[in-house]
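Visitor: Here it is, the structure in full.
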Amino acid sequence: MNESILAVRSAVEELNLDDICALVETCLKQGFDPEIIIQEGISTGLETVGRKFEEGEYFLADLIMAGEVVKEAMPLLKERMNPGDGKGKGKVILATVSGDIHEIGKNIVGMILSANGFDVIDLGVDVPARKIVETVKETGARLIGLSALLTTMVGSIRDVVESSRTAGLRDRVKIVIGGACTSRDLCHEMGADDYGETAIDALRIFNKYVASA
Amino acid sequence: MHAIERVLNTLDGKPVDRVPTFCAMVEDRTFNEILGKPPISQEWLMTNPIARFVLDKWGPQITKPIFQTELNRALIKRIRAQVELGFDSVWAIHDETFTVIDHTTMVRFSGSVFNIQPDGYGNMTYMYREPGIKSREDFEAWPYWPDADDLAHRTYTFFKKVVAEYGQKTCLFGQGPTYGIQESLLWALGFEKMPVWIRKEKDLVKRYIDMNEEVCLKTNMALLDAGVPVIIQTDDFAFKSGPIMNPKMIDELFGPPYKRIIKAVHDRRGKYVLHSCGDNTRLFDTFISWGVDGLHAYENTSNVDIFKEKKLHGEKVTIIGGVGVDYLLTDRSQEIEVEEEVKRLIAELGPGGRFIIAPVHSLSTIPAHKLRVMVDAVKRFGTYPISL
């Protein structure tokens with residue numbers, strides 16, 4: 001492995017916001033394809049961050065930092081990529097359910113998914129089921145991530161499930177839930193497809209659905 | 001044994017006659033059930049066209065004379081409702097942290113922005129919307145930061161009345177107009193930016209923490225001077241799956257101010273309880289090293305194991321909480337389920353003392369009768385020696 005690519009990977013792993021841009025520039029000057037820098041430097045670095053999070057060495061704030069490091073680097077790489085380059089993993093619609101305006105968890109998931117090649121369509125907070133279904137129709141997205149913190153709003157998850165069924169889309173989309181008040185039991189109760197406890201869980205679940213599509 | 005003695009002895013690790021109870025506040029719906037609904041709903045008062053017009057035009061100007069006065073009345077009603085439910089100790093808060101901007105928006109002086117919205121039961125509540133401090137310029141220009149001495153004076157006046165009315169009936173856990181130093185920083189900067197600022201804007205973060213520490217210290221002293229025996233501070237250091245940030249970083253950043261605050265409370269013979277939602281398993285040693293007397297909430301929906309914690313730390317700190325608000329204390333549960341869970345918690349956590357049974361949080365979905373069932377069950381089954 002080239003030292004410059006390794007340095008990019010290390011910067012992501014060590015959450016080095018200060019040096020990431022210079023390190024990416026070095027790789028580009030050395031003639032590396034932006035896609036190689038993304039795959040072997042950034043994505044591999046993010047995998048290590050995810051592993052460290054699951055092992056308890058890194059924390060939520062560190063996931064955010066890793067996302068910020070990647071956000072710094074990506075514009076430099078994207079401007080050197082030819083249109084059509086890059087094989088995205090597909091579209092994911094993210095939303096905090098109707099009646100709930102908590103967005104921290106959703107935003108962390110969005111950041112991790114974006115950094116890992118998903119095209120994230122973030123509908124924001126307090127999103128009615130109708131809006132989510134319309135977005136599925138407009139964008140052709142097959143993955144939906146719903147966030148809920150408030151126990152009082154869990155019924156909104158069922159609304160999304162039912163609305164997608166009424167619209168004839170239920171078989172086409174996978175609905176994944178997460179957030180403080182959610183659980184695997186609630187996932188079954190509401191008729192969703194999967195439950196992720198953490199942002200890294202969410203990434204694993206969406207990767208699984210992409211792989212099996 | 002009187003409720004106050006029961007609670008204070010438990011916080012001290014001394015023997016008591018029964019497991020004490022603590023009420024983690026009641027929301028408007030619950031206290032309306034206990035004290036009777038107001039003739040005109042709060043929702044209508046805040047959302048009718050005239051109120052909207054007034055709030056949109058003069059929100060900041062009417063915050064203190066009208067909004068805060070009404071809020072103080074409501075906060076005292078909350079305390080009365082908790083006392084009427086028969087809890088040994090109650091959460092009494094003086095929430096003078098907001099300025100109303102318009103009919104949908106409030107800001108907290110510590111730098112965060114909230115929505116004003118209905119709670120679904122005819123009352124109004126608030127919910128975090130976004131950070132108020134998005135740049136260094138925002139921080140320097142933030143106009144809502146209070147004069148700590150003035151705030152402490154008003155806090156003293158508020159709690160002097162509360163202590164006169166309820167100070168002999170229940171053990172007051174008082175919270176001044178302050179929210180936790182860490183969670184205030186989190187809300188002020190936003191979760192996406194807080195980790196970055198902690199690394200890149202160290203001087204500003206330090207100034208922010210110092211300003212919060214000063215407000216906490218001064219208002220806590222006001223509470224103690226007014227006769228409140230226990231200080232409670234909310235500071236949610238964890239999410240459902242674990243700490244928000246590295247425990248070492250938490251200790252480095254927030255340990256020194258918390259140690260000074262807690263020492264000042266202890267120097268005045270007060271007790272200090274920290275409320276932190278989520279799974280704090282990896283933080284309990286840190287909190288104990290700061291000097292806390294009790295910890296609330298051991299949220300049942302997080303990954304924390306309250307029973308394991310009792311074995312690990314039950315002799316060093318008083319465990320407060322355990323009763324879930326996601327199902328058990330809602331309309332959806334059966335009364336017998338509440339009773340059974342209370343018995344289980346008492347049987348597992350009661351022996352050895354240093355346990356105060358309590359809901360893990362306040363929530364608008366908690367009906368008053370479920371809290372009564374909980375309190376009655378503790379009175380029936382919580383007598384020492386525990387024989388369940």
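For the structure tokens, the naming scheme is as follows: chains receive sequential letters (A, B, ...) according to their order of presentation, residues are indexed from 1 within each chain, and ligands are indexed from 1 in presentation order.
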So that I can check the secondary structure, give me every residue of segment 7-176 of chain A assigned strand (DSSP E or B) by backbone DSSP, as an MDAnalysis selection string.
Guide: chainID A and resid 90:97 118:122 127 143:147 174:176
Visitor: Can those selected residues be exported to a file as a PDB file, in the first residue's frame so that it contains C-alpha atoms?
Guide:
ATOM      1  CA  GLY A  90     -28.157   3.694  -3.934  1.00  0.00           C
ATOM      2  CA  LYS A  91     -30.637   6.109  -2.441  1.00  0.00           C
ATOM      3  CA  VAL A  92     -31.706   6.079   1.183  1.00  0.00           C
ATOM      4  CA  ILE A  93     -34.537   8.252   2.440  1.00  0.00           C
ATOM      5  CA  LEU A  94     -34.018   9.370   6.038  1.00  0.00           C
ATOM      6  CA  ALA A  95     -36.659  11.038   8.175  1.00  0.00           C
ATOM      7  CA  THR A  96     -37.607  11.665  11.772  1.00  0.00           C
ATOM      8  CA  VAL A  97     -41.215  10.546  12.012  1.00  0.00           C
ATOM      9  CA  PHE A 118     -25.037   6.068  -0.163  1.00  0.00           C
ATOM     10  CA  ASP A 119     -27.029   8.867  -1.751  1.00  0.00           C
ATOM     11  CA  VAL A 120     -28.861  10.193   1.305  1.00  0.00           C
ATOM     12  CA  ILE A 121     -32.161  12.018   0.845  1.00  0.00           C
ATOM     13  CA  ASP A 122     -32.728  13.659   4.206  1.00  0.00           C
ATOM     14  CA  VAL A 127     -42.087  14.220   8.338  1.00  0.00           C
ATOM     15  CA  LEU A 143     -34.413   2.119   1.391  1.00  0.00           C
ATOM     16  CA  ILE A 144     -36.052   4.150   4.166  1.00  0.00           C
ATOM     17  CA  GLY A 145     -34.569   4.954   7.552  1.00  0.00           C
ATOM     18  CA  LEU A 146     -36.986   6.223  10.197  1.00  0.00           C
ATOM     19  CA  SER A 147     -35.869   7.838  13.429  1.00  0.00           C
ATOM     20  CA  LYS A 174     -37.107  -1.775   3.117  1.00  0.00           C
ATOM     21  CA  ILE A 175     -38.005   0.223   6.203  1.00  0.00           C
ATOM     22  CA  VAL A 176     -35.405   0.386   8.955  1.00  0.00           C
TER      23      VAL A 176
END
Visitor: Taking 4 positions as the minimum chain separation for residues in the same chain, which residues sit within 10 Å of Ala148 of chain A when counting only C-alpha atoms? Answer as a ChimeraX atom specification.
Guide: /A:95-103,105-106,125-126,152-157,177-182
Visitor: If we count only C-alpha atoms, which residues of chain B reach to within 10 Å of chain A? Please list them as an MDAnalysis selection string.
Guide: chainID B and resid 115 119:120 127:130 190:196 199:200 238:247 278 282 301:302 325:327 330 363:365
Visitor: Residues at most 12 Å from Ser184 of chain B, counting only C-alpha atoms, excluding those fewer than 3 positions away in the same chain, as a count of residues only?
Guide: 36
Visitor: Can you pull out the residues contacting segment 5-17 of chain B? Cut-off 10 Å, using only C-alpha atoms, and skip same-chain residues under 4 positions away; I want them as a PDB file with C-alpha atoms, in the first residue's frame.
Guide:
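Contents of selection18.pdb, freshly written:
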ATOM      1  CA  MET B   1     -39.711   8.047  59.879  1.00  0.00           C
ATOM      2  CA  THR B  21     -39.770   7.347  46.508  1.00  0.00           C
ATOM      3  CA  PHE B  22     -38.751  10.174  44.207  1.00  0.00           C
ATOM      4  CA  ASP B  88     -41.115  11.174  49.669  1.00  0.00           C
ATOM      5  CA  SER B  89     -39.038  13.444  47.463  1.00  0.00           C
ATOM      6  CA  THR B 170     -41.413  16.367  51.227  1.00  0.00           C
ATOM      7  CA  CYS B 171     -37.703  16.260  50.546  1.00  0.00           C
ATOM      8  CA  LEU B 172     -37.149  18.850  47.827  1.00  0.00           C
ATOM      9  CA  PRO B 229     -31.606  20.115  51.022  1.00  0.00           C
ATOM     10  CA  VAL B 230     -30.767  18.354  47.743  1.00  0.00           C
ATOM     11  CA  GLY B 270     -26.307  19.911  50.789  1.00  0.00           C
ATOM     12  CA  LYS B 271     -26.592  16.706  48.808  1.00  0.00           C
ATOM     13  CA  TYR B 272     -25.966  16.460  45.086  1.00  0.00           C
ATOM     14  CA  VAL B 273     -27.800  14.227  42.625  1.00  0.00           C
ATOM     15  CA  VAL B 292     -22.201  12.823  43.596  1.00  0.00           C
ATOM     16  CA  ASP B 293     -24.400  11.443  46.373  1.00  0.00           C
ATOM     17  CA  GLY B 294     -27.019   9.977  44.066  1.00  0.00           C
ATOM     18  CA  LEU B 295     -27.529   9.149  40.411  1.00  0.00           C
ATOM     19  CA  GLY B 314     -24.428   0.320  45.330  1.00  0.00           C
ATOM     20  CA  GLU B 315     -22.283   1.050  48.366  1.00  0.00           C
ATOM     21  CA  LYS B 316     -20.694   4.196  46.959  1.00  0.00           C
ATOM     22  CA  VAL B 317     -23.680   6.021  45.501  1.00  0.00           C
ATOM     23  CA  THR B 318     -27.452   6.059  45.900  1.00  0.00           C
ATOM     24  CA  ILE B 319     -29.238   4.597  42.903  1.00  0.00           C
ATOM     25  CA  ILE B 320     -32.396   6.526  41.986  1.00  0.00           C
ATOM     26  CA  GLY B 352     -28.421  -2.812  51.576  1.00  0.00           C
ATOM     27  CA  GLY B 353     -30.204   0.535  51.184  1.00  0.00           C
ATOM     28  CA  ARG B 354     -28.969   3.381  48.969  1.00  0.00           C
ATOM     29  CA  PHE B 355     -31.917   2.894  46.615  1.00  0.00           C
ATOM     30  CA  ILE B 356     -34.665   5.428  45.906  1.00  0.00           C
ATOM     31  CA  GLY B 382     -40.874  -1.496  50.529  1.00  0.00           C
ATOM     32  CA  THR B 383     -40.566  -1.742  54.324  1.00  0.00           C
ATOM     33  CA  TYR B 384     -37.165  -2.763  55.711  1.00  0.00           C
ATOM     34  CA  PRO B 385     -36.124  -5.462  56.211  1.00  0.00           C
ATOM     35  CA  ILE B 386     -37.242  -6.365  52.708  1.00  0.00           C
TER      36      ILE B 386
END
Visitor: Mind checking which residues fall within 9 Å of Ser362 of chain B, counting only C-alpha atoms, ignoring those fewer than 6 positions away in the same chain, and posting them as a short mmCIF file (atom, residue, chain, number, x, y, z; two decimals) with C-alpha atoms, in the first residue's frame?
Guide:
data_model
loop_
_atom_site.label_atom_id
_atom_site.label_comp_id
_atom_site.auth_asym_id
_atom_site.auth_seq_id
_atom_site.Cartn_x
_atom_site.Cartn_y
_atom_site.Cartn_z
CA CYS B 23 -40.94 11.81 41.57
CA ALA B 24 -39.08 12.69 38.38
CA MET B 25 -41.40 15.67 37.84
CA VAL B 26 -44.87 15.56 36.39
CA GLU B 27 -45.89 17.12 33.11
CA VAL B 325 -41.99 5.41 31.41
#
Visitor: Using only C-alpha atoms, which protein or nucleic acid residues come within 9 Å of Ala377 of chain B? Drop anything in the same chain fewer than 4 positions from it, and give the result as number ranges by chain.
Guide: B: 338-340, 342-343, 372-373, 381-382
Visitor: Would you output that residue set with N, CA and C atoms, as a short mmCIF file (atom, residue, chain, number, x, y, z; two decimals), in the first residue's frame?
Guide:
data_model
loop_
_atom_site.label_atom_id
_atom_site.label_comp_id
_atom_site.auth_asym_id
_atom_site.auth_seq_id
_atom_site.Cartn_x
_atom_site.Cartn_y
_atom_site.Cartn_z
N VAL B 338 -47.46 -2.74 37.12
CA VAL B 338 -46.71 -1.72 37.86
C VAL B 338 -46.33 -2.28 39.22
N GLU B 339 -47.31 -2.89 39.88
CA GLU B 339 -47.06 -3.44 41.22
C GLU B 339 -45.97 -4.52 41.17
N GLU B 340 -46.05 -5.38 40.18
CA GLU B 340 -45.07 -6.47 40.08
C GLU B 340 -43.66 -5.92 39.83
N VAL B 342 -42.55 -2.92 40.65
CA VAL B 342 -42.11 -2.25 41.88
C VAL B 342 -41.57 -3.30 42.86
N LYS B 343 -42.28 -4.40 42.99
CA LYS B 343 -41.84 -5.47 43.90
C LYS B 343 -40.49 -6.03 43.46
N ARG B 372 -49.78 6.82 41.36
CA ARG B 372 -50.36 6.45 42.67
C ARG B 372 -50.17 4.96 42.94
N VAL B 373 -50.38 4.16 41.88
CA VAL B 373 -50.19 2.70 42.04
C VAL B 373 -48.75 2.42 42.45
N PHE B 381 -44.86 -2.70 50.01
CA PHE B 381 -43.84 -3.76 49.89
C PHE B 381 -42.41 -3.30 50.20
N GLY B 382 -42.25 -1.99 50.43
CA GLY B 382 -40.87 -1.50 50.53
C GLY B 382 -40.31 -1.38 51.92
#
Visitor: Would you please give, as JSON, numbers by chain, all residues of segment 58-92 of chain A that DSSP assigns to helix (DSSP H, G or I) based on the backbone?
Guide: {"A": [60, 61, 62, 63, 64, 65, 66, 67, 68, 69, 70, 71, 72, 73, 74, 75, 76, 77, 78]}
Visitor: Emit the selected residues as an mmCIF file, in the first residue's frame, including C-alpha atoms.
Guide:
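Here's the written file result-v7.cif:
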data_model
loop_
_atom_site.group_PDB
_atom_site.id
_atom_site.type_symbol
_atom_site.label_atom_id
_atom_site.label_comp_id
_atom_site.auth_asym_id
_atom_site.auth_seq_id
_atom_site.Cartn_x
_atom_site.Cartn_y
_atom_site.Cartn_z
ATOM 1 C CA LEU A 60 -20.711 8.832 19.047
ATOM 2 C CA ALA A 61 -18.751 12.076 19.031
ATOM 3 C CA ASP A 62 -15.911 10.228 17.286
ATOM 4 C CA LEU A 63 -18.295 8.977 14.590
ATOM 5 C CA ILE A 64 -19.298 12.588 14.034
ATOM 6 C CA MET A 65 -15.655 13.626 13.816
ATOM 7 C CA ALA A 66 -14.958 10.886 11.288
ATOM 8 C CA GLY A 67 -17.886 12.168 9.230
ATOM 9 C CA GLU A 68 -16.483 15.712 9.431
ATOM 10 C CA VAL A 69 -13.062 14.494 8.296
ATOM 11 C CA VAL A 70 -14.647 12.816 5.283
ATOM 12 C CA LYS A 71 -16.774 15.891 4.562
ATOM 13 C CA GLU A 72 -13.586 17.971 4.393
ATOM 14 C CA ALA A 73 -11.964 15.589 1.930
ATOM 15 C CA MET A 74 -14.830 14.768 -0.399
ATOM 16 C CA PRO A 75 -15.137 18.097 -2.276
ATOM 17 C CA LEU A 76 -11.453 17.859 -3.280
ATOM 18 C CA LEU A 77 -11.997 14.363 -4.607
ATOM 19 C CA LYS A 78 -15.327 15.024 -6.286
#
Visitor: Between atom CA of Ile306 of chain B and atom CA of Ile357 of chain B, what is the distance in Å, rounded to a tenth?
Guide: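 Rounded to one decimal, the two atoms are 11.6 Å apart.
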Visitor: Write out as a ChimeraX atom specification the residues lying within 9 Å of segment 152-158 of chain B, counting only C-alpha atoms and excluding same-chain residues fewer than 4 positions away.
Guide: /B:72,94,96,147-148,162-163,176-177,215,218-226
Visitor: Measuring atom to atom with only C-alpha atoms, identify which of A:Ala213, A:Ile5, A:Val136, A:Ala202 is nearest to Ala22 of chain A.
Guide: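 The closest residue to Ala22 of chain A is A:Ile5.
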Visitor: At what distance in Å, to one decimal, does atom CA of Phe114 of chain B lie from atom CA of Tyr126 of chain B?
Guide: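 Separation between atom CA of Tyr126 of chain B and atom CA of Phe114 of chain B: 6.1 Å.
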Visitor: Which is closer to Pro20 of chain B than all the others in B:Glu70, B:Ile62, B:Asn300, B:Val90, using only C-alpha atoms?
Guide: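 Result for the nearest residue to Pro20 of chain B: B:Val90.
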